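Source file: query-v1.txt; contents: compact mmCIF, C-alpha atoms.
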# COMPACT_ATOMS: atom_id res chain seq x y z
CA MET A 1 6.26 -13.71 9.31
CA ARG A 2 6.77 -10.82 11.69
CA TYR A 3 4.02 -8.68 13.21
CA VAL A 4 3.63 -5.14 14.49
CA ARG A 5 3.93 -4.91 18.26
CA LEU A 6 0.73 -3.02 19.02
CA ASP A 7 -2.38 -3.74 21.06
CA THR A 8 -4.72 -4.69 18.23
CA PRO A 9 -7.43 -7.37 18.48
CA LYS A 10 -5.74 -9.36 15.72
CA PRO A 11 -2.02 -9.39 14.90
CA ILE A 12 -1.02 -7.22 11.94
CA SER A 13 1.63 -8.76 9.72
CA LYS A 14 4.57 -6.64 8.58
CA ILE A 15 3.81 -7.73 5.03
CA GLY A 16 0.22 -7.51 3.93
CA LEU A 17 -1.43 -7.99 0.57
CA GLY A 18 -2.66 -5.03 -1.46
CA THR A 19 -5.48 -5.93 -3.83
CA TRP A 20 -5.92 -2.91 -6.10
CA GLN A 21 -5.21 -5.24 -9.02
CA PHE A 22 -8.05 -7.63 -8.12
CA GLY A 23 -10.79 -7.04 -10.68
CA SER A 24 -8.98 -4.04 -12.21
CA LYS A 25 -8.10 -4.38 -15.90
CA GLU A 26 -5.70 -1.43 -15.91
CA TRP A 27 -2.89 -3.54 -14.46
CA GLY A 28 -2.84 -5.66 -17.61
CA TYR A 29 -2.77 -9.01 -15.81
CA GLY A 30 -5.28 -10.62 -18.18
CA PRO A 31 -8.60 -12.47 -17.80
CA GLU A 32 -7.12 -15.42 -15.88
CA TYR A 33 -5.96 -13.20 -13.03
CA GLU A 34 -9.20 -13.51 -11.03
CA ARG A 35 -8.54 -17.23 -10.58
CA ARG A 36 -4.92 -16.56 -9.68
CA ALA A 37 -6.04 -13.88 -7.20
CA ALA A 38 -7.75 -16.54 -5.10
CA GLU A 39 -4.60 -18.68 -5.17
CA ILE A 40 -2.51 -15.68 -4.07
CA VAL A 41 -4.81 -15.02 -1.11
CA ARG A 42 -4.77 -18.64 0.01
CA ARG A 43 -0.96 -18.77 -0.18
CA ALA A 44 -0.70 -15.50 1.74
CA LEU A 45 -2.75 -17.04 4.54
CA ASP A 46 -0.43 -20.06 4.60
CA LEU A 47 2.54 -17.72 4.96
CA GLY A 48 1.13 -15.93 8.00
CA VAL A 49 -0.09 -12.79 6.26
CA THR A 50 -2.90 -11.26 8.30
CA LEU A 51 -3.45 -7.85 6.63
CA PHE A 52 -5.51 -7.75 3.43
CA ASP A 53 -6.21 -4.31 2.01
CA THR A 54 -8.84 -3.37 -0.55
CA ALA A 55 -11.17 -0.45 -1.34
CA GLU A 56 -14.61 0.14 -2.74
CA LEU A 57 -12.97 1.98 -5.65
CA TYR A 58 -10.80 -0.95 -6.74
CA GLY A 59 -12.57 -2.50 -9.70
CA PHE A 60 -15.68 -0.61 -8.50
CA GLY A 61 -16.34 -3.20 -5.80
CA ARG A 62 -14.97 -6.27 -7.60
CA SER A 63 -11.77 -6.31 -5.54
CA GLU A 64 -13.80 -6.50 -2.32
CA ARG A 65 -15.91 -9.35 -3.70
CA ILE A 66 -12.91 -11.32 -4.98
CA LEU A 67 -11.01 -10.86 -1.73
CA GLY A 68 -13.96 -11.82 0.46
CA ALA A 69 -14.66 -14.94 -1.58
CA ALA A 70 -10.98 -15.96 -1.55
CA LEU A 71 -10.68 -15.54 2.23
CA GLY A 72 -13.76 -17.68 2.82
CA ASP A 73 -14.08 -18.91 6.38
CA ASP A 74 -10.73 -17.30 7.25
CA ARG A 75 -12.22 -13.80 7.02
CA ALA A 76 -12.77 -13.72 10.78
CA LYS A 77 -9.15 -14.66 11.51
CA VAL A 78 -7.42 -11.84 9.60
CA VAL A 79 -7.44 -8.05 9.42
CA VAL A 80 -9.71 -7.14 6.52
CA ALA A 81 -9.13 -3.50 5.56
CA SER A 82 -11.13 -1.45 3.11
CA LYS A 83 -11.45 2.19 2.17
CA ILE A 84 -14.28 4.59 1.47
CA PHE A 85 -13.82 6.87 -1.53
CA PRO A 86 -14.46 10.32 -0.02
CA LEU A 87 -17.16 11.57 -2.37
CA LEU A 88 -19.39 13.58 -0.02
CA PRO A 89 -18.13 11.68 3.08
CA VAL A 90 -20.70 13.05 5.52
CA ALA A 91 -21.69 10.80 8.43
CA PRO A 92 -24.78 9.10 6.88
CA VAL A 93 -22.94 8.39 3.61
CA VAL A 94 -19.97 6.93 5.49
CA GLN A 95 -22.32 4.57 7.31
CA GLN A 96 -24.12 3.49 4.14
CA ARG A 97 -20.92 2.84 2.24
CA ALA A 98 -19.44 0.80 5.07
CA VAL A 99 -22.50 -1.44 5.06
CA ALA A 100 -22.11 -1.91 1.28
CA SER A 101 -18.40 -2.75 1.57
CA ALA A 102 -19.03 -5.25 4.37
CA ALA A 103 -21.68 -6.95 2.24
CA ARG A 104 -19.33 -7.25 -0.73
CA LEU A 105 -16.60 -8.62 1.51
CA GLY A 106 -18.99 -11.03 3.21
CA VAL A 107 -18.00 -9.92 6.71
CA ASP A 108 -19.97 -8.91 9.78
CA GLY A 109 -17.44 -6.20 10.54
CA ILE A 110 -14.59 -4.40 8.75
CA ASP A 111 -11.47 -4.66 10.88
CA LEU A 112 -9.90 -1.47 9.52
CA TYR A 113 -12.01 1.08 7.65
CA GLN A 114 -10.05 3.91 6.05
CA VAL A 115 -10.78 7.23 4.36
CA HIS A 116 -9.16 6.82 0.94
CA GLN A 117 -8.24 10.47 0.47
CA ALA A 118 -8.63 13.67 2.44
CA ASN A 119 -11.64 15.56 1.11
CA PRO A 120 -10.69 19.20 0.45
CA VAL A 121 -14.20 20.50 1.25
CA VAL A 122 -15.84 18.13 3.74
CA ALA A 123 -14.29 18.37 7.19
CA ASP A 124 -13.21 15.26 9.04
CA THR A 125 -15.56 16.20 11.87
CA THR A 126 -18.59 14.83 10.00
CA THR A 127 -16.65 11.93 8.42
CA MET A 128 -15.36 10.79 11.79
CA ARG A 129 -18.79 11.14 13.34
CA GLY A 130 -19.92 8.48 10.88
CA MET A 131 -16.88 6.36 11.69
CA ARG A 132 -17.54 6.63 15.43
CA SER A 133 -21.12 5.44 14.93
CA LEU A 134 -19.86 2.48 12.91
CA GLN A 135 -17.47 1.56 15.72
CA ASP A 136 -20.22 1.93 18.31
CA VAL A 137 -22.44 -0.61 16.55
CA GLY A 138 -19.55 -2.98 15.87
CA LEU A 139 -19.48 -2.73 12.08
CA VAL A 140 -15.99 -1.19 12.13
CA GLY A 141 -13.12 -2.18 14.39
CA GLU A 142 -10.31 0.30 13.83
CA VAL A 143 -10.44 3.56 11.86
CA GLY A 144 -7.69 4.60 9.49
CA VAL A 145 -6.93 7.29 6.94
CA SER A 146 -5.00 7.31 3.70
CA ASN A 147 -2.92 9.97 1.98
CA TYR A 148 -3.22 12.30 4.97
CA GLY A 149 -0.54 14.70 6.11
CA LEU A 150 0.40 14.61 9.78
CA ARG A 151 -1.64 17.65 10.74
CA ARG A 152 -4.84 16.27 9.22
CA TRP A 153 -4.18 12.80 10.61
CA ARG A 154 -4.03 14.27 14.10
CA PHE A 155 -7.11 16.40 13.48
CA ALA A 156 -9.03 13.33 12.30
CA GLU A 157 -8.06 11.58 15.50
CA ALA A 158 -9.28 14.50 17.60
CA ALA A 159 -12.55 14.48 15.63
CA LEU A 160 -13.00 10.74 16.19
CA GLY A 161 -12.17 11.03 19.86
CA ARG A 162 -10.28 7.73 19.61
CA ARG A 163 -7.14 6.54 17.91
CA VAL A 164 -6.97 6.64 14.15
CA LEU A 165 -4.80 3.58 13.99
CA SER A 166 -3.19 3.94 10.59
CA ASN A 167 -2.30 6.22 7.72
CA GLN A 168 -1.85 4.48 4.38
CA VAL A 169 0.59 6.44 2.23
CA ARG A 170 2.94 6.02 -0.69
CA TYR A 171 6.27 5.02 0.82
CA SER A 172 9.29 3.39 -0.73
CA MET A 173 13.01 3.94 -1.12
CA ILE A 174 12.28 6.63 -3.72
CA ASP A 175 9.18 8.08 -2.05
CA ARG A 176 10.61 8.88 1.37
CA GLY A 177 8.36 11.74 2.50
CA PRO A 178 6.78 9.73 5.36
CA GLU A 179 10.19 9.47 7.03
CA GLU A 180 10.07 13.19 7.82
CA ASP A 181 7.05 13.21 10.13
CA LEU A 182 4.50 10.41 9.68
CA ILE A 183 6.77 7.54 10.71
CA PRO A 184 8.23 9.36 13.74
CA TYR A 185 4.69 10.20 14.86
CA ALA A 186 3.54 6.60 14.42
CA GLU A 187 6.43 5.34 16.53
CA GLN A 188 5.85 7.96 19.23
CA ALA A 189 2.06 7.56 19.40
CA GLY A 190 1.71 3.82 18.82
CA ARG A 191 0.18 4.12 15.37
CA ILE A 192 0.93 2.46 12.03
CA VAL A 193 2.06 3.73 8.65
CA ILE A 194 0.84 1.40 5.90
CA ALA A 195 3.17 1.67 2.91
CA TYR A 196 1.49 1.29 -0.45
CA SER A 197 3.58 1.08 -3.62
CA PRO A 198 6.58 0.01 -1.50
CA LEU A 199 8.25 -1.19 -4.70
CA ALA A 200 7.29 1.99 -6.59
CA GLN A 201 4.92 -0.11 -8.72
CA GLY A 202 7.77 -2.45 -9.62
CA PHE A 203 10.41 0.18 -10.44
CA LEU A 204 12.58 -1.16 -7.61
CA SER A 205 12.27 -4.77 -8.75
CA GLY A 206 14.99 -4.40 -11.35
CA ARG A 207 12.76 -6.04 -13.95
CA TYR A 208 12.52 -2.97 -16.14
CA ASP A 209 14.96 -0.77 -18.01
CA ALA A 210 14.90 1.71 -20.87
CA THR A 211 14.77 -1.10 -23.43
CA ASN A 212 12.22 -3.14 -21.47
CA PRO A 213 9.50 -0.80 -20.15
CA PRO A 214 6.47 -2.20 -18.31
CA ALA A 215 3.05 -2.91 -19.79
CA GLY A 216 -0.28 -1.93 -18.24
CA ALA A 217 -1.96 1.46 -18.02
CA VAL A 218 -1.08 2.03 -14.36
CA ARG A 219 2.67 1.76 -14.82
CA ARG A 220 2.64 3.61 -18.15
CA ALA A 221 1.07 6.56 -16.34
CA ASN A 222 3.88 6.58 -13.73
CA PRO A 223 6.72 8.97 -14.65
CA TYR A 224 9.23 6.72 -12.91
CA PHE A 225 8.97 4.43 -15.94
CA LEU A 226 10.04 7.05 -18.44
CA PRO A 227 13.07 5.72 -20.33
CA GLU A 228 15.16 8.57 -18.92
CA ASN A 229 14.21 7.68 -15.34
CA LEU A 230 14.80 3.98 -15.90
CA GLU A 231 18.27 4.93 -17.12
CA ARG A 232 18.85 7.23 -14.14
CA GLY A 233 17.85 4.43 -11.78
CA THR A 234 20.61 2.08 -12.95
CA ALA A 235 22.94 2.87 -10.03
CA LEU A 236 20.13 2.51 -7.50
CA ILE A 237 19.14 -0.89 -8.87
CA ALA A 238 22.81 -1.93 -8.84
CA THR A 239 23.00 -1.12 -5.12
CA LEU A 240 19.82 -3.10 -4.47
CA ARG A 241 21.30 -6.05 -6.33
CA GLU A 242 24.54 -5.84 -4.35
CA VAL A 243 22.72 -5.92 -1.01
CA ALA A 244 20.38 -8.62 -2.32
CA ASP A 245 23.30 -10.86 -3.25
CA ALA A 246 24.57 -10.66 0.34
CA HIS A 247 21.21 -11.98 1.59
CA ASP A 248 20.52 -14.45 -1.24
CA ALA A 249 17.49 -12.29 -1.95
CA THR A 250 16.01 -10.24 -4.80
CA PRO A 251 16.11 -6.45 -5.25
CA SER A 252 12.38 -6.34 -4.48
CA GLN A 253 12.89 -8.11 -1.17
CA ILE A 254 15.61 -5.66 -0.17
CA ALA A 255 13.41 -2.70 -1.14
CA LEU A 256 10.69 -4.13 1.11
CA ALA A 257 13.15 -4.75 3.93
CA TYR A 258 14.14 -1.07 3.66
CA VAL A 259 10.63 0.16 4.55
CA LEU A 260 10.00 -2.60 7.09
CA ARG A 261 13.08 -1.60 9.07
CA HIS A 262 10.84 0.90 10.85
CA PRO A 263 8.96 -0.98 13.60
CA ASN A 264 5.64 0.79 13.02
CA VAL A 265 5.60 0.42 9.24
CA VAL A 266 3.84 -2.37 7.37
CA ALA A 267 3.88 -2.81 3.61
CA ILE A 268 1.09 -3.95 1.30
CA PRO A 269 2.66 -4.84 -2.04
CA GLY A 270 0.47 -6.44 -4.64
CA ALA A 271 1.32 -9.76 -6.24
CA SER A 272 0.92 -10.96 -9.80
CA GLY A 273 1.27 -14.61 -8.79
CA VAL A 274 1.85 -17.03 -5.94
CA GLU A 275 5.63 -16.93 -6.37
CA GLN A 276 5.71 -13.17 -5.96
CA MET A 277 3.54 -13.45 -2.86
CA GLU A 278 6.04 -15.91 -1.40
CA ARG A 279 8.96 -13.60 -2.14
CA ASN A 280 7.16 -10.63 -0.62
CA ALA A 281 6.37 -12.52 2.57
CA ALA A 282 9.97 -13.71 2.90
CA ALA A 283 11.16 -10.09 2.88
CA ALA A 284 9.75 -9.65 6.39
CA GLU A 285 12.52 -11.92 7.70
CA ILE A 286 15.41 -9.92 6.23
CA ASP A 287 17.47 -7.86 8.67
CA LEU A 288 19.55 -5.18 6.98
CA ALA A 289 22.89 -4.34 8.56
CA ASP A 290 23.52 -0.69 9.39
CA ASP A 291 26.05 -0.27 6.57
CA GLU A 292 23.67 -1.90 4.08
CA TYR A 293 20.87 0.43 5.10
CA ALA A 294 23.22 3.41 4.81
CA ALA A 295 24.24 2.33 1.31
CA LEU A 296 20.58 2.07 0.27
CA VAL A 297 19.82 5.50 1.72
CA ALA A 298 22.76 7.03 -0.16
CA ALA A 299 21.73 5.37 -3.44
CA ALA A 300 18.16 6.53 -3.00
CA HIS A 301 19.25 10.11 -2.32
CA ALA A 302 21.45 10.07 -5.43
CA PHE A 303 18.52 9.05 -7.66
CA ARG A 304 17.08 12.18 -9.30
CA PRO A 305 14.06 11.24 -11.43
CA VAL A 306 12.20 13.57 -13.77
CA THR A 307 8.77 14.05 -12.17
CA GLY A 308 5.99 16.63 -11.91
CA LEU A 309 5.35 19.08 -14.73
CA ALA A 310 8.76 18.41 -16.24
CA ALA A 311 7.73 14.81 -16.87
CA VAL A 312 4.51 15.63 -18.76
CA PRO A 313 5.95 16.34 -22.23
CA ARG A 314 8.27 13.34 -21.93
CA MET A 315 5.34 11.07 -21.06
CA VAL A 316 3.37 12.38 -24.02
CA ARG A 317 6.30 11.69 -26.34
CA ALA A 318 6.73 8.21 -24.82
CA ARG A 319 3.05 7.42 -25.39
CA LEU A 320 3.35 8.56 -29.02
CA GLY A 321 6.51 6.55 -29.51
CA ARG A 322 8.68 9.55 -30.34
Show me, as structure tokens, the structure contained in the file I just sent.
Amino acid sequence: MRYVRLDTPKPISKIGLGTWQFGSKEWGYGPEYERRAAEIVRRALDLGVTLFDTAELYGFGRSERILGAALGDDRAKVVVASKIFPLLPVAPVVQQRAVASAARLGVDGIDLYQVHQANPVVADTTTMRGMRSLQDVGLVGEVGVSNYGLRRWRFAEAALGRRVLSNQVRYSMIDRGPEEDLIPYAEQAGRIVIAYSPLAQGFLSGRYDATNPPAGAVRRANPYFLPENLERGTALIATLREVADAHDATPSQIALAYVLRHPNVVAIPGASGVEQMERNAAAAEIDLADDEYAALVAAAHAFRPVTGLAAVPRMVRARLGR
């Protein structure tokens, strides 16, 4: 495993484990998944993974409970990250919700506590006042944000009066917005971009095509999995396979290596089983050659999916089977 080279109390692994799926039925993993979730966490620890990300919203607290129980006595050795859902995130509410998350996780302190979304009405001045108080009493180590643009990330940091260590955003080969400003800022300022959905919810795995769409409500709601987009992605997946063959790897591992090529980026893919966790962790060791990276960039730029409003009628027709 490789780690981010930053001055953090605990090392942060380049591959972490995202746990949205823990306790959440919408992924379609079935009733046995809670037992498998514990096995995934234990194997991740064996592989040197130190970043475990959850949120109070995931499974309405169940993800935090499952993760905390699975970590057991190792909770103090790793970076446990959670997120507050920003419903009225004024200072007292932030403090109360952090206490509740810590209790569900079974920890004395949350290593990285993040604002799940930017609230359009409540300013970060009051949210960060609550975060600062949590840091002062030792309940929170580092503060992070999620789904913030660069301007608001920097404003949140000014409001906190300390570093806002991380910004957790959607980032993958086909969601490359963070490359424009967030990643350059992180590298310049010594911050971290945490990439969620680094495999575009499995689109980049090569497992799915127009005749084999995914199951589960989360993926069915993602326009990338429209039959038309799965067909349009054929060339991109072919390029991933070509690079993967050169490394004796899988397309998913190459897609992860793409985002990890940036020194201040870590990725938090989920895992449906122990084997997938092992493959994800191994991706941290893959070094892409310059020409391979260039080929991936070109293939990603050539991919033109149907998204936004244009995708809505197609998704409706797909749901109705027409």
Range 164-283 of chain A near range 29-48 of chain A within 10 Å: what's each residue's closest atom pair and its distance in Å to one decimal, counting all atoms listed in the file, ordered by chain then ascending residue number, as CSV?
residue,atom,partner,partner_atom,distance
A:Ala215,CA,A:Tyr29,CA,9.3
A:Gly216,CA,A:Tyr29,CA,7.9
A:Gly270,CA,A:Ile40,CA,9.7
A:Ala271,CA,A:Ile40,CA,7.4
A:Ser272,CA,A:Tyr29,CA,7.3
A:Gly273,CA,A:Ile40,CA,6.1
A:Val274,CA,A:Ile40,CA,4.9
A:Glu275,CA,A:Ile40,CA,8.6
A:Gln276,CA,A:Ile40,CA,8.8
A:Met277,CA,A:Ile40,CA,6.6
A:Glu278,CA,A:Ala44,CA,7.4
A:Asn280,CA,A:Ala44,CA,9.5
A:Ala281,CA,A:Leu47,CA,6.9
A:Ala282,CA,A:Leu47,CA,8.7
| said: My list of candidates is A:Ala98, A:Ala267, A:Met1, A:Leu105. Which is closest to Gly72 in chain A when distances are computed with all atoms listed in the file? | reply: A:Leu105
| field | Separation of CA of Leu134 in chain A from CA of Gln96 in chain A in Å | value | 9.8 Å
| query | Quick one, how far is CA of Ala298 in chain A from CA of Ala235 in chain A? | reply | 10.7 Å
| request: Quick one: everything within 10 Å of Ala158 in chain A, counting all atoms listed in the file, minus sequence neighbours fewer than 5 positions away in the same chain. Send it as a count of residues only. | output: 7
| field | Residues near Leu165 in chain A, cut-off 8 Å, all atoms listed in the file, skip fewer than 2 positions along chain, as a list in words | value | Glu142, Val143, Gly144, Arg163, Asn167, Arg191 and Ile192 of chain A
| query | So which residues are close to (-4.5, -3.8, 21.6), meaning at most 12 Å away in the file's coordinates with only C-alpha atoms counted, and can you show them as a list in words? | reply | Val4, Arg5, Leu6, Asp7, Thr8, Pro9, Lys10, Pro11, Ile12, Gly141, Glu142, Arg163, Leu165, Gly190 and Arg191 of chain A
| request: For Gly18 in chain A, list every protein, DNA or RNA residue within 8 Å, evaluated using all atoms listed in the file, and leave out those in the same chain fewer than 5 positions away; present the list as JSON, numbers by chain. | output: {"A": [52, 53, 54, 196, 268, 269, 270, 271]}
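Across A:Val140, A:Leu260, A:Ala81, A:Leu87, the tightest approach to Asp108 in chain A is made by A:Val140 when counting all atoms listed in the file.
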| message | I'd like the neighbourhood of Val115 in chain A as a list of chain:residue names, where a residue qualifies if any of its atoms comes within 7 Å (using only C-alpha atoms), though same-chain residues fewer than 5 positions away should be ignored. | response | A:Lys83, A:Ile84, A:Phe85, A:Pro86, A:Gly144, A:Val145, A:Ser146
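Distances to Leu160 in chain A were evaluated for A:Pro227, A:Gly130, A:Gly106, A:Pro251 using all atoms listed in the file, and the minimum falls at A:Gly130.
Among the candidates A:Ile194, A:Ala55, A:Val90, A:Ala295, the one nearest to Val265 in chain A when counting only C-alpha atoms is A:Ile194.
Here CA of Ala123 in chain A stands at a distance of 26.2 Å from CA of Glu187 in chain A.
You can rank A:Phe155, A:Phe303, A:Tyr113, A:Trp20 by their closest distance to Ser197 in chain A using only C-alpha atoms, and at the top of that list sits A:Trp20.
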| task | Name the residues in contact with range 284-290 of chain A at a cut-off of 9 Å, using all atoms listed in the file, excluding same-chain residues fewer than 3 positions from it; report them as a count of residues only. | result | 21
Which centre and edge lengths in Å to one decimal define the box along x, y and z that fits every listed atom of range 234-245 of chain A plus 6 Å per side, as AutoDock Vina command-line options?
--center_x 21.8 --center_y -4.0 --center_z -7.0 --size_x 17.4 --size_y 25.7 --size_z 23.9
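Considering the residues A:Val79, A:Leu51, A:Val94, A:Ala238 and counting all atoms listed in the file, Thr127 in chain A has its shortest atom-to-atom contact with A:Val94.
Using only C-alpha atoms, every residue with an atom at most 9 Å from the point (11.1, -5.9, -9.1) is listed here: Leu199, Gln201, Gly202, Phe203, Leu204, Ser205, Gly206, Arg207, Tyr208, Thr250, Pro251, Ser252, Gln253 and Ala255 of chain A.
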Please dump the current selection as a PDB file, in the frame of the given file; keep C-alpha atoms.
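That gives us part-v8.pdb:
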ATOM      1  CA  LEU A 199       8.250  -1.190  -4.700  1.00  0.00           C
ATOM      2  CA  GLN A 201       4.920  -0.110  -8.720  1.00  0.00           C
ATOM      3  CA  GLY A 202       7.770  -2.450  -9.620  1.00  0.00           C
ATOM      4  CA  PHE A 203      10.410   0.180 -10.440  1.00  0.00           C
ATOM      5  CA  LEU A 204      12.580  -1.160  -7.610  1.00  0.00           C
ATOM      6  CA  SER A 205      12.270  -4.770  -8.750  1.00  0.00           C
ATOM      7  CA  GLY A 206      14.990  -4.400 -11.350  1.00  0.00           C
ATOM      8  CA  ARG A 207      12.760  -6.040 -13.950  1.00  0.00           C
ATOM      9  CA  TYR A 208      12.520  -2.970 -16.140  1.00  0.00           C
ATOM     10  CA  THR A 250      16.010 -10.240  -4.800  1.00  0.00           C
ATOM     11  CA  PRO A 251      16.110  -6.450  -5.250  1.00  0.00           C
ATOM     12  CA  SER A 252      12.380  -6.340  -4.480  1.00  0.00           C
ATOM     13  CA  GLN A 253      12.890  -8.110  -1.170  1.00  0.00           C
ATOM     14  CA  ALA A 255      13.410  -2.700  -1.140  1.00  0.00           C
TER      15      ALA A 255
END
As an mmCIF file, in the coordinates of the input, could you write out range 121-129 of chain A once it has been completed with all heavy atoms?
data_model
loop_
_atom_site.group_PDB
_atom_site.id
_atom_site.type_symbol
_atom_site.label_atom_id
_atom_site.label_comp_id
_atom_site.auth_asym_id
_atom_site.auth_seq_id
_atom_site.Cartn_x
_atom_site.Cartn_y
_atom_site.Cartn_z
ATOM 1 N N VAL A 121 -13.052 19.651 0.893
ATOM 2 C CA VAL A 121 -14.200 20.500 1.250
ATOM 3 C C VAL A 121 -14.901 20.005 2.510
ATOM 4 O O VAL A 121 -15.238 20.790 3.399
ATOM 5 C CB VAL A 121 -15.206 20.569 0.078
ATOM 6 C CG1 VAL A 121 -16.422 21.399 0.474
ATOM 7 C CG2 VAL A 121 -14.534 21.151 -1.164
ATOM 8 N N VAL A 122 -15.117 18.695 2.602
ATOM 9 C CA VAL A 122 -15.840 18.130 3.740
ATOM 10 C C VAL A 122 -14.868 17.907 4.896
ATOM 11 O O VAL A 122 -13.858 17.215 4.748
ATOM 12 C CB VAL A 122 -16.531 16.806 3.362
ATOM 13 C CG1 VAL A 122 -17.251 16.215 4.568
ATOM 14 C CG2 VAL A 122 -17.494 17.021 2.197
ATOM 15 N N ALA A 123 -15.183 18.486 6.031
ATOM 16 C CA ALA A 123 -14.290 18.370 7.190
ATOM 17 C C ALA A 123 -14.344 16.971 7.777
ATOM 18 O O ALA A 123 -15.357 16.260 7.682
ATOM 19 C CB ALA A 123 -14.690 19.395 8.248
ATOM 20 N N ASP A 124 -13.264 16.571 8.413
ATOM 21 C CA ASP A 124 -13.210 15.260 9.040
ATOM 22 C C ASP A 124 -14.144 15.144 10.244
ATOM 23 O O ASP A 124 -14.397 14.038 10.713
ATOM 24 C CB ASP A 124 -11.776 14.941 9.485
ATOM 25 C CG ASP A 124 -10.865 14.634 8.303
ATOM 26 O OD1 ASP A 124 -11.262 13.820 7.455
ATOM 27 O OD2 ASP A 124 -9.770 15.213 8.232
ATOM 28 N N THR A 125 -14.655 16.267 10.728
ATOM 29 C CA THR A 125 -15.560 16.200 11.870
ATOM 30 C C THR A 125 -16.801 15.367 11.537
ATOM 31 O O THR A 125 -17.210 14.512 12.335
ATOM 32 C CB THR A 125 -15.980 17.617 12.308
ATOM 33 O OG1 THR A 125 -16.345 18.390 11.149
ATOM 34 C CG2 THR A 125 -14.833 18.318 13.021
ATOM 35 N N THR A 126 -17.390 15.597 10.366
ATOM 36 C CA THR A 126 -18.590 14.830 10.000
ATOM 37 C C THR A 126 -18.213 13.418 9.545
ATOM 38 O O THR A 126 -18.909 12.447 9.853
ATOM 39 C CB THR A 126 -19.404 15.534 8.908
ATOM 40 O OG1 THR A 126 -20.566 14.754 8.604
ATOM 41 C CG2 THR A 126 -18.610 15.746 7.633
ATOM 42 N N THR A 127 -17.081 13.256 8.844
ATOM 43 C CA THR A 127 -16.650 11.930 8.420
ATOM 44 C C THR A 127 -16.389 11.039 9.630
ATOM 45 O O THR A 127 -16.837 9.882 9.685
ATOM 46 C CB THR A 127 -15.374 12.032 7.564
ATOM 47 O OG1 THR A 127 -15.627 12.876 6.429
ATOM 48 C CG2 THR A 127 -14.921 10.663 7.084
ATOM 49 N N MET A 128 -15.695 11.582 10.608
ATOM 50 C CA MET A 128 -15.360 10.790 11.790
ATOM 51 C C MET A 128 -16.567 10.560 12.692
ATOM 52 O O MET A 128 -16.602 9.579 13.432
ATOM 53 C CB MET A 128 -14.216 11.448 12.557
ATOM 54 C CG MET A 128 -12.898 11.407 11.805
ATOM 55 S SD MET A 128 -12.377 9.698 11.452
ATOM 56 C CE MET A 128 -11.344 9.946 9.992
ATOM 57 N N ARG A 129 -17.560 11.419 12.608
ATOM 58 C CA ARG A 129 -18.790 11.140 13.340
ATOM 59 C C ARG A 129 -19.446 9.869 12.811
ATOM 60 O O ARG A 129 -19.950 9.038 13.575
ATOM 61 C CB ARG A 129 -19.752 12.325 13.247
ATOM 62 C CG ARG A 129 -20.986 12.166 14.129
ATOM 63 C CD ARG A 129 -21.735 13.481 14.308
ATOM 64 N NE ARG A 129 -22.228 14.020 13.056
ATOM 65 C CZ ARG A 129 -21.782 15.133 12.469
ATOM 66 N NH1 ARG A 129 -20.789 15.816 13.011
ATOM 67 N NH2 ARG A 129 -22.294 15.562 11.339
#
